[in-house]
$ cat start.cif   # mmCIF, C-alpha atoms and all ligand atoms
data_my_file
loop_
_atom_site.label_atom_id
_atom_site.label_comp_id
_atom_site.auth_asym_id
_atom_site.auth_seq_id
_atom_site.Cartn_x
_atom_site.Cartn_y
_atom_site.Cartn_z
CA MET U 1287 155.84 144.33 127.68
CA TYR U 1288 154.97 147.65 126.15
CA THR U 1289 153.17 147.85 122.83
CA ALA U 1290 152.93 150.76 120.38
CA PRO U 1291 150.09 153.12 121.36
CA ARG U 1292 146.71 152.32 119.76
CA GLY U 1293 146.39 153.74 116.27
CA THR U 1294 150.19 154.00 115.77
CA HIS U 1295 152.58 151.61 114.11
CA ASP U 1296 156.26 150.92 113.64
CA ILE U 1297 157.62 151.34 110.14
CA LEU U 1298 159.73 148.20 109.88
CA PRO U 1299 162.64 147.82 107.43
CA GLU U 1300 160.52 145.76 105.03
CA GLU U 1301 158.04 148.66 104.76
CA TRP U 1302 160.70 151.15 103.76
CA PRO U 1303 160.80 150.30 100.05
CA TYR U 1304 157.18 151.59 99.94
CA TRP U 1305 158.00 154.72 101.91
CA ARG U 1306 161.11 155.45 99.87
CA THR U 1307 159.33 154.87 96.57
CA ILE U 1308 156.61 157.33 97.54
CA ILE U 1309 158.87 159.91 99.16
CA ASP U 1310 161.30 159.86 96.20
CA GLU U 1311 158.35 160.39 93.84
CA ILE U 1312 157.03 163.23 96.03
CA HIS U 1313 160.35 165.08 95.86
CA ALA U 1314 160.61 164.50 92.11
CA THR U 1315 157.01 165.67 91.56
CA ALA U 1316 157.46 168.75 93.74
CA ALA U 1317 160.60 169.67 91.80
CA ARG U 1318 158.79 169.30 88.46
CA PHE U 1319 156.08 171.68 89.67
CA GLY U 1320 158.52 174.17 91.22
CA PHE U 1321 157.62 173.66 94.87
CA GLU U 1322 160.04 174.24 97.78
CA GLN U 1323 160.16 172.20 100.95
CA ILE U 1324 159.29 173.58 104.38
CA ASP U 1325 159.34 171.85 107.75
CA THR U 1326 157.42 173.25 110.68
CA PRO U 1327 157.42 172.02 114.30
CA ILE U 1328 155.41 168.91 115.15
CA PHE U 1329 153.77 170.85 117.97
CA GLU U 1330 152.35 174.36 117.95
CA ALA U 1331 150.37 176.61 120.28
CA THR U 1332 146.91 175.05 120.68
CA GLY U 1333 145.24 178.36 119.79
CA LEU U 1334 146.68 178.21 116.26
CA PHE U 1335 144.61 175.14 115.42
CA VAL U 1336 141.52 176.27 117.34
CA ARG U 1337 141.65 179.50 115.32
CA GLY U 1338 142.73 177.99 112.03
CA VAL U 1339 140.88 174.67 111.77
CA GLY U 1340 137.92 176.04 113.71
CA GLN U 1341 135.84 175.34 116.79
CA GLY U 1342 132.97 172.98 116.01
CA THR U 1343 135.10 170.78 113.74
CA ASP U 1344 135.72 167.17 114.77
CA ILE U 1345 139.45 167.80 114.71
CA VAL U 1346 139.36 170.63 117.24
CA ASP U 1347 136.48 169.34 119.36
CA LYS U 1348 137.45 165.68 119.65
CA GLU U 1349 140.73 164.76 118.04
CA MET U 1350 143.58 166.99 119.16
CA TYR U 1351 146.46 165.76 121.30
CA SER U 1352 146.64 168.83 123.52
CA PHE U 1353 148.50 169.29 126.76
CA ARG U 1354 150.04 171.88 129.03
CA ASP U 1355 153.83 171.63 128.86
CA LYS U 1356 156.25 172.09 131.75
CA GLY U 1357 156.46 175.81 130.95
CA ASP U 1358 152.65 176.06 131.32
CA GLU U 1359 152.09 176.59 127.59
CA GLU U 1360 149.03 175.09 125.87
CA ILE U 1361 150.53 172.84 123.19
CA THR U 1362 148.97 170.60 120.51
CA LEU U 1363 150.61 167.92 118.37
CA ARG U 1364 149.76 169.09 114.86
CA PRO U 1365 146.46 167.57 113.63
CA GLU U 1366 147.18 168.96 110.12
CA PHE U 1367 149.84 170.99 108.32
CA THR U 1368 148.05 174.03 106.93
CA ALA U 1369 147.71 176.21 110.04
CA GLY U 1370 151.39 175.71 110.94
CA VAL U 1371 152.59 176.50 107.42
CA MET U 1372 150.50 179.72 107.43
CA ARG U 1373 152.00 180.66 110.78
CA ALA U 1374 155.47 180.10 109.31
CA TYR U 1375 154.58 182.17 106.21
CA LEU U 1376 153.56 185.09 108.44
CA GLU U 1377 156.28 184.74 111.05
CA ASN U 1378 159.04 184.58 108.43
CA GLY U 1379 157.71 187.46 106.35
CA MET U 1380 157.35 185.24 103.30
CA HIS U 1381 154.94 187.73 101.70
CA VAL U 1382 158.01 189.68 100.48
CA ARG U 1383 159.12 186.72 98.35
CA PRO U 1384 157.88 186.39 94.78
CA GLN U 1385 154.24 185.30 95.03
CA PRO U 1386 152.79 182.78 94.99
CA VAL U 1387 154.93 180.92 97.49
CA LYS U 1388 154.69 177.20 96.68
CA LEU U 1389 155.55 174.93 99.60
CA TYR U 1390 155.43 171.25 100.44
CA SER U 1391 156.03 169.21 103.57
CA ILE U 1392 156.21 165.59 104.65
CA GLY U 1393 155.71 164.51 108.24
CA PRO U 1394 153.62 163.00 111.02
CA ILE U 1395 150.12 164.20 111.93
CA PHE U 1396 148.24 163.33 115.12
CA ARG U 1397 144.50 162.85 115.53
CA PHE U 1398 142.68 161.01 118.29
CA GLU U 1399 140.48 158.94 115.96
CA ARG U 1400 138.87 155.53 116.17
CA PRO U 1401 141.59 153.43 114.52
CA GLN U 1402 140.61 151.32 111.51
CA ALA U 1403 142.10 150.41 108.14
CA GLY U 1404 143.57 153.60 106.68
CA ARG U 1405 142.72 155.66 109.78
CA TYR U 1406 145.35 156.06 112.47
CA ARG U 1407 146.14 158.24 115.45
CA GLN U 1408 149.54 159.01 113.99
CA HIS U 1409 149.67 159.17 110.22
CA HIS U 1410 151.97 160.92 107.77
CA GLN U 1411 151.01 163.47 105.16
CA PHE U 1412 152.45 164.87 102.02
CA ASN U 1413 151.12 168.42 102.21
CA VAL U 1414 151.14 171.15 99.59
CA GLU U 1415 150.28 174.85 99.91
CA VAL U 1416 150.30 177.68 97.37
CA ILE U 1417 150.05 181.07 99.07
CA GLY U 1418 149.43 184.51 97.58
CA GLU U 1419 147.57 183.89 94.31
CA GLN U 1420 143.85 183.68 93.65
CA ASP U 1421 144.00 182.65 89.96
CA ALA U 1422 141.92 179.49 89.47
CA ALA U 1423 144.84 178.13 87.42
CA VAL U 1424 146.58 177.62 90.77
CA ASP U 1425 143.69 175.44 91.98
CA ALA U 1426 144.05 173.40 88.80
CA GLU U 1427 147.83 173.16 89.18
CA VAL U 1428 147.54 171.92 92.77
CA ILE U 1429 145.00 169.30 91.77
CA SER U 1430 147.07 168.23 88.79
CA LEU U 1431 150.11 167.88 91.05
CA ALA U 1432 148.26 165.31 93.15
CA TRP U 1433 147.04 163.59 90.01
CA HIS U 1434 150.54 163.54 88.53
CA LEU U 1435 152.03 162.02 91.70
CA PHE U 1436 149.43 159.27 91.90
CA SER U 1437 149.76 158.52 88.21
CA ARG U 1438 153.54 158.28 88.51
CA LEU U 1439 153.08 155.86 91.39
CA GLY U 1440 150.97 153.76 89.05
CA PHE U 1441 147.62 154.15 90.85
CA ARG U 1442 144.62 152.95 88.88
CA GLY U 1443 140.98 153.91 89.20
CA LEU U 1444 141.63 157.46 90.38
CA ALA U 1445 138.55 159.59 90.97
CA LEU U 1446 138.57 163.33 91.62
CA GLN U 1447 135.58 164.86 93.37
CA LEU U 1448 135.11 168.58 93.16
CA ASN U 1449 132.91 171.23 94.74
CA SER U 1450 132.84 174.90 95.59
CA THR U 1451 131.75 175.87 99.10
CA GLY U 1452 131.45 179.59 98.35
CA CYS U 1453 132.92 182.51 100.26
CA PRO U 1454 131.94 184.77 103.17
CA ARG U 1455 129.84 186.74 100.72
CA CYS U 1456 127.63 183.93 99.40
CA ARG U 1457 127.91 181.14 101.98
CA PRO U 1458 125.89 182.79 104.79
CA GLY U 1459 122.89 183.15 102.47
CA TYR U 1460 123.20 179.49 101.49
CA LEU U 1461 123.53 178.40 105.13
CA THR U 1462 120.37 180.32 106.03
CA ARG U 1463 118.52 178.34 103.35
CA LEU U 1464 120.09 175.06 104.46
CA VAL U 1465 119.20 175.64 108.12
CA ALA U 1466 115.64 176.65 107.23
CA TYR U 1467 115.28 173.45 105.20
CA TYR U 1468 116.69 171.27 107.99
CA ASN U 1469 114.51 172.94 110.59
CA GLN U 1470 111.56 171.44 108.75
CA HIS U 1471 113.09 167.96 109.10
CA THR U 1472 114.52 167.85 112.62
CA ALA U 1473 112.40 164.82 113.53
CA ALA U 1474 113.90 162.76 110.71
CA ILE U 1475 117.62 163.45 111.24
CA CYS U 1476 120.20 161.77 113.50
CA ASP U 1477 121.47 163.20 116.79
CA ASP U 1478 124.77 164.17 115.20
CA CYS U 1479 122.92 166.16 112.55
CA ARG U 1480 120.85 167.93 115.21
CA ARG U 1481 124.17 168.98 116.74
CA ARG U 1482 125.61 169.97 113.34
CA LEU U 1483 122.52 172.06 112.69
CA GLN U 1484 123.44 174.13 115.76
CA ARG U 1485 127.22 174.18 115.45
CA ASN U 1486 128.35 173.56 111.85
CA PRO U 1487 125.43 173.30 109.40
CA LEU U 1488 127.61 172.81 106.30
CA ARG U 1489 128.71 169.46 107.75
CA LEU U 1490 125.09 168.26 107.58
CA LEU U 1491 125.78 167.41 103.94
CA ASP U 1492 128.58 165.05 104.96
CA CYS U 1493 126.46 162.78 107.22
CA LYS U 1494 126.87 159.06 106.51
CA ASN U 1495 123.82 157.96 108.52
CA PRO U 1496 121.41 156.08 106.17
CA GLY U 1497 118.34 157.78 107.70
CA CYS U 1498 119.71 161.22 106.80
CA GLN U 1499 120.36 160.45 103.14
CA PRO U 1500 116.89 161.34 101.80
CA ILE U 1501 117.04 164.64 103.72
CA ILE U 1502 120.45 165.44 102.21
CA ALA U 1503 119.16 164.54 98.76
CA GLY U 1504 116.44 167.18 99.03
CA ALA U 1505 118.65 169.88 100.57
CA PRO U 1506 119.42 173.11 98.70
CA ARG U 1507 122.66 172.89 96.73
CA ILE U 1508 125.47 175.36 97.29
CA GLY U 1509 126.37 175.36 93.61
CA GLU U 1510 123.08 177.09 92.90
CA HIS U 1511 123.75 179.84 95.43
CA LEU U 1512 127.31 180.91 94.65
CA CYS U 1513 128.04 184.61 94.12
CA GLU U 1514 129.29 185.67 90.71
CA GLU U 1515 132.95 185.67 91.77
CA CYS U 1516 132.77 182.13 93.19
CA ALA U 1517 130.80 180.83 90.22
CA ASN U 1518 133.33 182.35 87.78
CA HIS U 1519 136.26 180.96 89.75
CA PHE U 1520 134.74 177.49 89.73
CA ALA U 1521 134.02 177.65 85.99
CA ASP U 1522 137.58 178.84 85.35
CA LEU U 1523 139.00 175.95 87.41
CA ARG U 1524 136.86 173.48 85.50
CA SER U 1525 137.98 174.83 82.15
CA HIS U 1526 141.61 174.35 83.22
CA LEU U 1527 140.95 170.76 84.27
CA ASP U 1528 139.12 170.18 80.98
CA ALA U 1529 142.09 171.62 79.08
CA ILE U 1530 144.37 168.87 80.44
CA GLU U 1531 141.62 166.25 80.27
CA LEU U 1532 141.76 165.65 83.99
CA PRO U 1533 138.44 163.94 84.77
CA TYR U 1534 136.35 164.95 87.79
CA THR U 1535 132.94 164.42 89.32
CA LEU U 1536 131.00 167.32 90.76
CA ASN U 1537 129.87 166.45 94.28
CA HIS U 1538 127.67 169.11 95.84
CA ARG U 1539 127.88 167.23 99.17
CA LEU U 1540 131.65 167.54 99.43
CA VAL U 1541 132.27 170.02 102.27
CA ARG U 1542 135.43 168.75 104.09
CA GLY U 1543 136.04 168.66 107.83
CA LEU U 1544 138.03 171.86 108.33
CA ASP U 1545 136.49 175.31 108.65
CA TYR U 1546 138.96 177.38 106.67
CA TYR U 1547 137.85 176.38 103.18
CA THR U 1548 136.45 178.88 100.72
CA LYS U 1549 135.55 178.25 97.07
CA THR U 1550 137.28 175.10 95.75
CA VAL U 1551 137.27 171.85 97.73
CA PHE U 1552 138.34 168.49 96.35
CA GLU U 1553 139.16 164.90 97.25
CA VAL U 1554 140.87 162.12 95.32
CA TYR U 1555 139.93 158.47 95.71
CA ALA U 1556 141.88 155.45 94.49
CA GLU U 1557 140.55 152.03 93.62
CA GLY U 1558 141.01 149.43 96.32
CA ILE U 1559 141.07 151.33 99.61
CA GLY U 1560 137.38 151.96 100.17
CA ALA U 1561 135.02 154.78 99.37
CA GLN U 1562 135.41 156.27 102.87
CA ALA U 1563 139.14 156.74 102.56
CA ALA U 1564 140.30 159.64 100.40
CA VAL U 1565 143.92 159.39 99.37
CA CYS U 1566 144.04 163.19 99.15
CA GLY U 1567 141.90 166.12 100.26
CA GLY U 1568 142.23 169.86 100.07
CA GLY U 1569 140.90 173.18 98.94
CA ARG U 1570 141.19 176.94 98.90
CA TYR U 1571 141.38 178.95 102.13
CA ASP U 1572 141.34 182.62 101.13
CA GLY U 1573 140.39 183.82 104.64
CA LEU U 1574 142.78 181.75 106.76
CA ILE U 1575 145.82 184.03 106.84
CA GLU U 1576 143.65 186.98 107.82
CA GLU U 1577 142.02 184.82 110.50
CA LEU U 1578 145.53 184.20 111.88
CA GLY U 1579 146.28 187.92 112.03
CA GLY U 1580 147.92 188.50 108.64
CA PRO U 1581 146.90 190.63 105.66
CA PRO U 1582 144.23 189.27 103.28
CA THR U 1583 146.13 186.54 101.39
CA PRO U 1584 144.63 183.76 99.29
CA GLY U 1585 145.86 180.18 99.46
CA ILE U 1586 145.11 176.66 98.37
CA GLY U 1587 146.56 173.24 99.13
CA PHE U 1588 145.98 169.61 99.95
CA GLY U 1589 147.12 166.85 102.25
CA SER U 1590 147.61 163.24 101.21
CA GLY U 1591 148.00 160.37 103.66
CA ILE U 1592 151.16 158.41 102.92
CA GLU U 1593 149.84 155.30 104.70
CA ARG U 1594 146.82 155.44 102.37
CA GLN U 1595 149.13 155.72 99.38
CA ILE U 1596 150.94 152.60 100.62
CA LEU U 1597 147.62 150.79 101.12
CA THR U 1598 146.73 151.71 97.55
CA MET U 1599 150.03 150.30 96.26
CA LYS U 1600 149.47 147.07 98.18
CA GLU U 1601 145.81 146.71 97.20
CA GLN U 1602 146.65 147.35 93.55
CA GLY U 1603 149.70 145.08 93.59
CA ILE U 1604 152.14 147.89 92.74
CA ALA U 1605 155.68 146.80 93.63
CA PRO U 1606 157.93 149.38 95.31
CA LYS U 1607 161.48 149.99 94.10
CA PRO U 1608 163.79 147.64 96.02
CA LEU U 1609 166.30 149.38 98.26
CA PRO U 1610 169.96 148.89 97.36
CA GLN U 1611 171.86 146.33 99.44
CA PRO U 1612 175.65 146.20 99.83
CA ALA U 1613 177.21 144.07 97.08
CA LEU U 1614 180.28 143.37 99.21
CA PHE U 1615 180.75 141.26 102.31
CA VAL U 1616 184.08 141.29 104.13
CA ALA U 1617 184.94 137.96 105.78
CA TYR U 1618 188.07 137.15 107.75
CA LEU U 1619 189.74 134.21 109.42
CA GLY U 1620 191.92 134.44 112.51
CA SER U 1621 192.81 137.29 114.78
CA ALA U 1622 195.65 138.48 112.54
CA ALA U 1623 193.15 139.39 109.81
CA ARG U 1624 190.55 140.92 112.09
CA LEU U 1625 191.86 144.48 112.10
CA ALA U 1626 192.90 144.26 108.44
CA ALA U 1627 189.28 143.37 107.60
CA PHE U 1628 188.00 146.28 109.65
CA ARG U 1629 190.42 148.63 107.84
CA LEU U 1630 189.51 147.21 104.41
CA THR U 1631 185.80 147.76 105.11
CA ARG U 1632 186.50 151.38 106.05
CA ASP U 1633 188.46 151.86 102.81
CA LEU U 1634 185.64 150.37 100.72
CA ARG U 1635 183.05 152.69 102.22
CA ASP U 1636 185.35 155.68 101.83
CA ALA U 1637 185.56 154.71 98.15
CA ASP U 1638 181.73 154.72 97.95
CA LEU U 1639 181.48 150.95 97.83
CA ALA U 1640 178.77 149.62 100.15
CA ALA U 1641 179.95 146.74 102.29
CA ARG U 1642 178.95 144.63 105.25
CA LEU U 1643 181.56 143.33 107.70
CA SER U 1644 181.46 139.95 109.38
CA PHE U 1645 181.46 139.98 113.19
CA GLY U 1646 182.64 137.42 115.74
CA ALA U 1647 184.84 134.41 115.14
CA ARG U 1648 182.85 132.25 112.74
CA SER U 1649 183.87 129.58 110.25
CA LEU U 1650 184.41 130.65 106.66
CA LYS U 1651 181.41 128.53 105.68
CA ALA U 1652 179.16 130.36 108.12
CA GLN U 1653 180.45 133.73 106.90
CA LEU U 1654 179.85 132.86 103.25
CA LYS U 1655 176.34 131.76 104.11
CA ALA U 1656 175.74 135.10 105.84
CA ALA U 1657 177.12 136.90 102.76
CA ASP U 1658 174.75 134.97 100.55
CA ARG U 1659 171.79 135.68 102.76
CA ALA U 1660 172.62 139.39 102.74
CA GLY U 1661 172.41 139.31 98.95
CA ALA U 1662 176.09 140.19 98.43
CA ARG U 1663 177.75 139.69 95.04
CA TYR U 1664 181.34 139.29 96.28
CA ALA U 1665 182.83 138.06 99.52
CA LEU U 1666 186.21 139.65 100.23
CA ILE U 1667 188.14 137.17 102.34
CA LEU U 1668 191.16 137.95 104.48
CA GLY U 1669 193.22 135.31 106.26
CA GLU U 1670 196.74 135.37 107.61
CA ASP U 1671 198.22 134.49 104.18
CA GLU U 1672 196.32 137.22 102.37
CA VAL U 1673 197.37 139.81 104.94
CA LYS U 1674 201.01 138.77 104.58
CA ALA U 1675 200.87 138.83 100.77
CA ASP U 1676 198.84 142.08 100.76
CA VAL U 1677 196.08 140.54 98.64
CA VAL U 1678 192.37 139.88 99.12
CA ALA U 1679 190.65 136.64 98.11
CA VAL U 1680 187.63 137.77 96.08
CA ARG U 1681 184.92 135.16 95.87
CA ASP U 1682 182.17 135.56 93.31
CA LEU U 1683 179.11 134.34 95.18
CA ARG U 1684 177.20 133.61 91.99
CA SER U 1685 179.80 131.40 90.31
CA SER U 1686 181.61 130.37 93.51
CA SER U 1687 184.89 131.11 91.72
CA GLN U 1688 187.65 132.77 93.67
CA GLN U 1689 190.75 134.79 92.80
CA ALA U 1690 193.41 136.77 94.61
CA VAL U 1691 193.44 140.50 93.86
CA ALA U 1692 196.27 142.74 95.04
CA ARG U 1693 195.11 145.06 97.79
CA ALA U 1694 196.36 148.07 95.82
CA ASP U 1695 194.23 147.11 92.80
CA LEU U 1696 191.14 146.03 94.71
CA ILE U 1697 189.06 149.20 94.57
CA ASP U 1698 189.53 149.58 90.81
CA TRP U 1699 188.88 145.87 90.29
CA LEU U 1700 185.61 146.07 92.25
CA ARG U 1701 184.48 149.25 90.50
CA ALA U 1702 185.03 147.62 87.14
CA HIS U 1703 183.28 144.39 88.08
CA LEU U 1704 180.33 145.97 89.89
CA ALA U 1705 179.62 148.50 87.13
P1 LIG P 1801 142.37 166.13 105.62
O1 LIG P 1801 141.37 165.76 104.59
O2 LIG P 1801 141.92 166.18 107.03
O3 LIG P 1801 142.93 167.56 105.18
O4 LIG P 1801 143.60 165.17 105.52
C1 LIG P 1801 144.31 165.03 104.29
C2 LIG P 1801 144.55 163.56 103.98
O5 LIG P 1801 145.27 162.95 105.05
C3 LIG P 1801 143.31 162.69 103.84
O6 LIG P 1801 142.77 162.76 102.54
C4 LIG P 1801 143.89 161.31 104.11
O7 LIG P 1801 144.54 160.81 102.94
C5 LIG P 1801 144.92 161.59 105.16
N1 LIG P 1801 144.41 161.34 106.53
C6 LIG P 1801 143.66 162.17 107.28
N2 LIG P 1801 143.39 161.63 108.48
C7 LIG P 1801 143.99 160.41 108.50
C8 LIG P 1801 144.10 159.36 109.46
N3 LIG P 1801 143.55 159.46 110.67
N4 LIG P 1801 144.81 158.25 109.12
C9 LIG P 1801 145.39 158.13 107.90
N5 LIG P 1801 145.33 159.10 106.97
C10 LIG P 1801 144.64 160.23 107.24
C11 LIG P 1801 143.89 168.25 105.85
O8 LIG P 1801 144.53 167.81 106.76
C12 LIG P 1801 144.15 169.63 105.26
N6 LIG P 1801 145.17 170.31 106.09
C13 LIG P 1801 144.62 169.49 103.83
C14 LIG P 1801 144.89 170.82 103.20
C15 LIG P 1801 146.09 171.37 102.96
N7 LIG P 1801 143.97 171.69 102.81
C16 LIG P 1801 144.57 172.76 102.33
N8 LIG P 1801 145.87 172.59 102.43
#

$ encode --input "start.cif" --output "structure tokens"
Amino acid sequence: MYTAPRGTHDILPEEWPYWRTIIDEIHATAARFGFEQIDTPIFEATGLFVRGVGQGTDIVDKEMYSFRDKGDEEITLRPEFTAGVMRAYLENGMHVRPQPVKLYSIGPIFRFERPQAGRYRQHHQFNVEVIGEQDAAVDAEVISLAWHLFSRLGFRGLALQLNSTGCPRCRPGYLTRLVAYYNQHTAAICDDCRRRLQRNPLRLLDCKNPGCQPIIAGAPRIGEHLCEECANHFADLRSHLDAIELPYTLNHRLVRGLDYYTKTVFEVYAEGIGAQAAVCGGGRYDGLIEELGGPPTPGIGFGSGIERQILTMKEQGIAPKPLPQPALFVAYLGSAARLAAFRLTRDLRDADLAARLSFGARSLKAQLKAADRAGARYALILGEDEVKADVVAVRDLRSSSQQAVARADLIDWLRAHLA
């Protein structure tokens, strides 16, 4: 017996009310904010992610599903959306469209992680990108979009964490200070941090190891070393969030696990799914498009794990919208009625009336039981007599009353009674 690969899961029919509730709300939210949908391939050239997400990040160093395909191309299953969307922006000349270009996507993401609650090897993201505008109002709009979605879904206990990680002008100076500080404490830090100190010093601030916490607490703070432009941008963003009373906490340790971020970074947490599991994370990436070979173009976006949104709904007891079930069940008795039932079912569906059809040669009792179990409102019964008289026996499954309706009047009758 085969089982689903570790860290993946089947989305069974009973899970779909959650998925549909969230996906419907995503489309509605995106429309309210004036975003357009884009789909990019699930796999891309490996180099795109190495370049975009950055060597030295966990994603690129440890988590990518990379392989050489049968045409000898180096391919990677996308470990995030942003790099692929930027590639699409460049490849399709989207810079000639009115800027900013506001895009969203929904789809699977692959990361070779250690599976645990809310952390999978295949998960799905709702991803948002705004490309071509550096106004801090865009940062605020992107954040408020996430907030709006989660509020519409009924999430409680939302917490937004905010930071600025500077830009190529001010960050190197900060990193020099950070490295100098850590070099005085190498004996006290964990092995991972010793590695981070060499490869990706900003990530030192993100260490969860208890022994490293006092060192982090004493580390220089990036907020105190921002250049004027970054400091003004951050203040402008904050004043926009204040204007809509969107609450946030400043977290000078928030640095995120992807290399492309500049200036704004943020994460949103929801009550009930654990402090380690952000329901949304993102930030500004003003250097990414240039890094990928395009002209200097600012951008900002976020990704939000749909499985984590579902966990939040479940933990908070938020009921999804039930999916509609056919109100009609077509039953038949005897071989003479079999094809008539098949034809009737076709006609119902053509008339936009959802219907299930009975299969096999079962007793009327068994068919009515099946109709009941399927949650149908009416059973439409055809036997030899009904076929001859060109009528359908309509049985109301709530009242168990039954009446003959002429075949020619049936669609109108059903429309009137189901309305
Ligand atoms: P990220 O923080 O790596 O950012 O992922 C975004 C969100 O995806 C997380 O906040 C979390 O909700 C969900 N997520 C990530 N990994 C997993 C996993 N293994 N299992 C379940 N859920 C997960 C990015 O991917 C950036 N591309 C976001 C972005 C867009 N930044 C700018 N634009």

$ residues_near_ligand --input "start.cif" --ligand "ligand LIG 1801 (chain P)" --cutoff "9 Å" --atoms "all atoms listed in the file" --output "VMD selection string"
chain U and resid 1293 1339 1345 1365 to 1369 1395 to 1416 1542 to 1544 1546 to 1547 1551 1553 to 1555 1563 to 1571 1585 to 1595

$ closest_residue --input "start.cif" --among "U:Leu1540, U:Asp1522, U:Leu1609, U:Leu1512" --to "Asp1310 (chain U)" --atoms "only C-alpha atoms"
U:Leu1609

$ atom_distance --input "start.cif" --atom1 "CA of Arg1635 (chain U)" --atom2 "CA of Arg1701 (chain U)"
12.3 Å

$ atom_distance --input "start.cif" --atom1 "CA of Leu1464 (chain U)" --atom2 "CA of Ala1505 (chain U)"
6.6 Å

$ closest_residue --input "start.cif" --among "U:Asp1682, U:Glu1601, U:Glu1330, U:Asp1344" --to "Ile1667 (chain U)" --atoms "all atoms listed in the file"
U:Asp1682

$ atom_distance --input "start.cif" --atom1 "CA of Leu1444 (chain U)" --atom2 "CA of Leu1298 (chain U)"
28.2 Å

$ residues_around --input "start.cif" --residues "His1519 (chain U)" --least-positions-apart "3" --cutoff "9 Å" --atoms "all atoms listed in the file" --output "number ranges by chain"
U: 1420-1422, 1514-1516, 1522-1524, 1549-1550

$ closest_residue --input "start.cif" --among "U:Ala1690, U:Ala1627, U:Val1346, U:Ile1559" --to "Arg1442 (chain U)" --atoms "only C-alpha atoms"
U:Ile1559

$ closest_residue --input "start.cif" --among "U:Phe1321, U:Asn1378, U:Ser1430, U:Thr1362" --to "Asp1528 (chain U)" --atoms "all atoms listed in the file"
U:Ser1430

$ decode --input "start.cif" --residues "region 1515-1540 of chain U" --atoms "C-alpha atoms" --output "PDB file, in the first residue's frame"
ATOM      1  CA  GLU U1515      15.105  57.299   3.354  1.00  0.00           C
ATOM      2  CA  CYS U1516      14.378  54.009   5.149  1.00  0.00           C
ATOM      3  CA  ALA U1517      13.490  55.763   8.398  1.00  0.00           C
ATOM      4  CA  ASN U1518      11.097  58.116   6.566  1.00  0.00           C
ATOM      5  CA  HIS U1519       9.519  55.239   4.664  1.00  0.00           C
ATOM      6  CA  PHE U1520       8.944  53.316   7.876  1.00  0.00           C
ATOM      7  CA  ALA U1521       7.448  56.355   9.619  1.00  0.00           C
ATOM      8  CA  ASP U1522       5.177  56.969   6.625  1.00  0.00           C
ATOM      9  CA  LEU U1523       4.005  53.329   6.677  1.00  0.00           C
ATOM     10  CA  ARG U1524       3.275  53.575  10.386  1.00  0.00           C
ATOM     11  CA  SER U1525       1.275  56.752   9.967  1.00  0.00           C
ATOM     12  CA  HIS U1526      -0.866  55.005   7.328  1.00  0.00           C
ATOM     13  CA  LEU U1527      -1.494  52.054   9.641  1.00  0.00           C
ATOM     14  CA  ASP U1528      -2.317  54.476  12.452  1.00  0.00           C
ATOM     15  CA  ALA U1529      -4.759  56.297  10.161  1.00  0.00           C
ATOM     16  CA  ILE U1530      -6.852  53.126   9.782  1.00  0.00           C
ATOM     17  CA  GLU U1531      -6.263  52.076  13.389  1.00  0.00           C
ATOM     18  CA  LEU U1532      -4.578  48.872  12.327  1.00  0.00           C
ATOM     19  CA  PRO U1533      -2.636  47.783  15.424  1.00  0.00           C
ATOM     20  CA  TYR U1534       0.946  46.521  15.191  1.00  0.00           C
ATOM     21  CA  THR U1535       3.902  45.638  17.358  1.00  0.00           C
ATOM     22  CA  LEU U1536       7.393  46.740  16.411  1.00  0.00           C
ATOM     23  CA  ASN U1537       9.715  43.739  16.475  1.00  0.00           C
ATOM     24  CA  HIS U1538      13.332  44.645  15.819  1.00  0.00           C
ATOM     25  CA  ARG U1539      14.163  40.911  15.637  1.00  0.00           C
ATOM     26  CA  LEU U1540      11.838  40.245  12.715  1.00  0.00           C
TER      27      LEU U1540
END
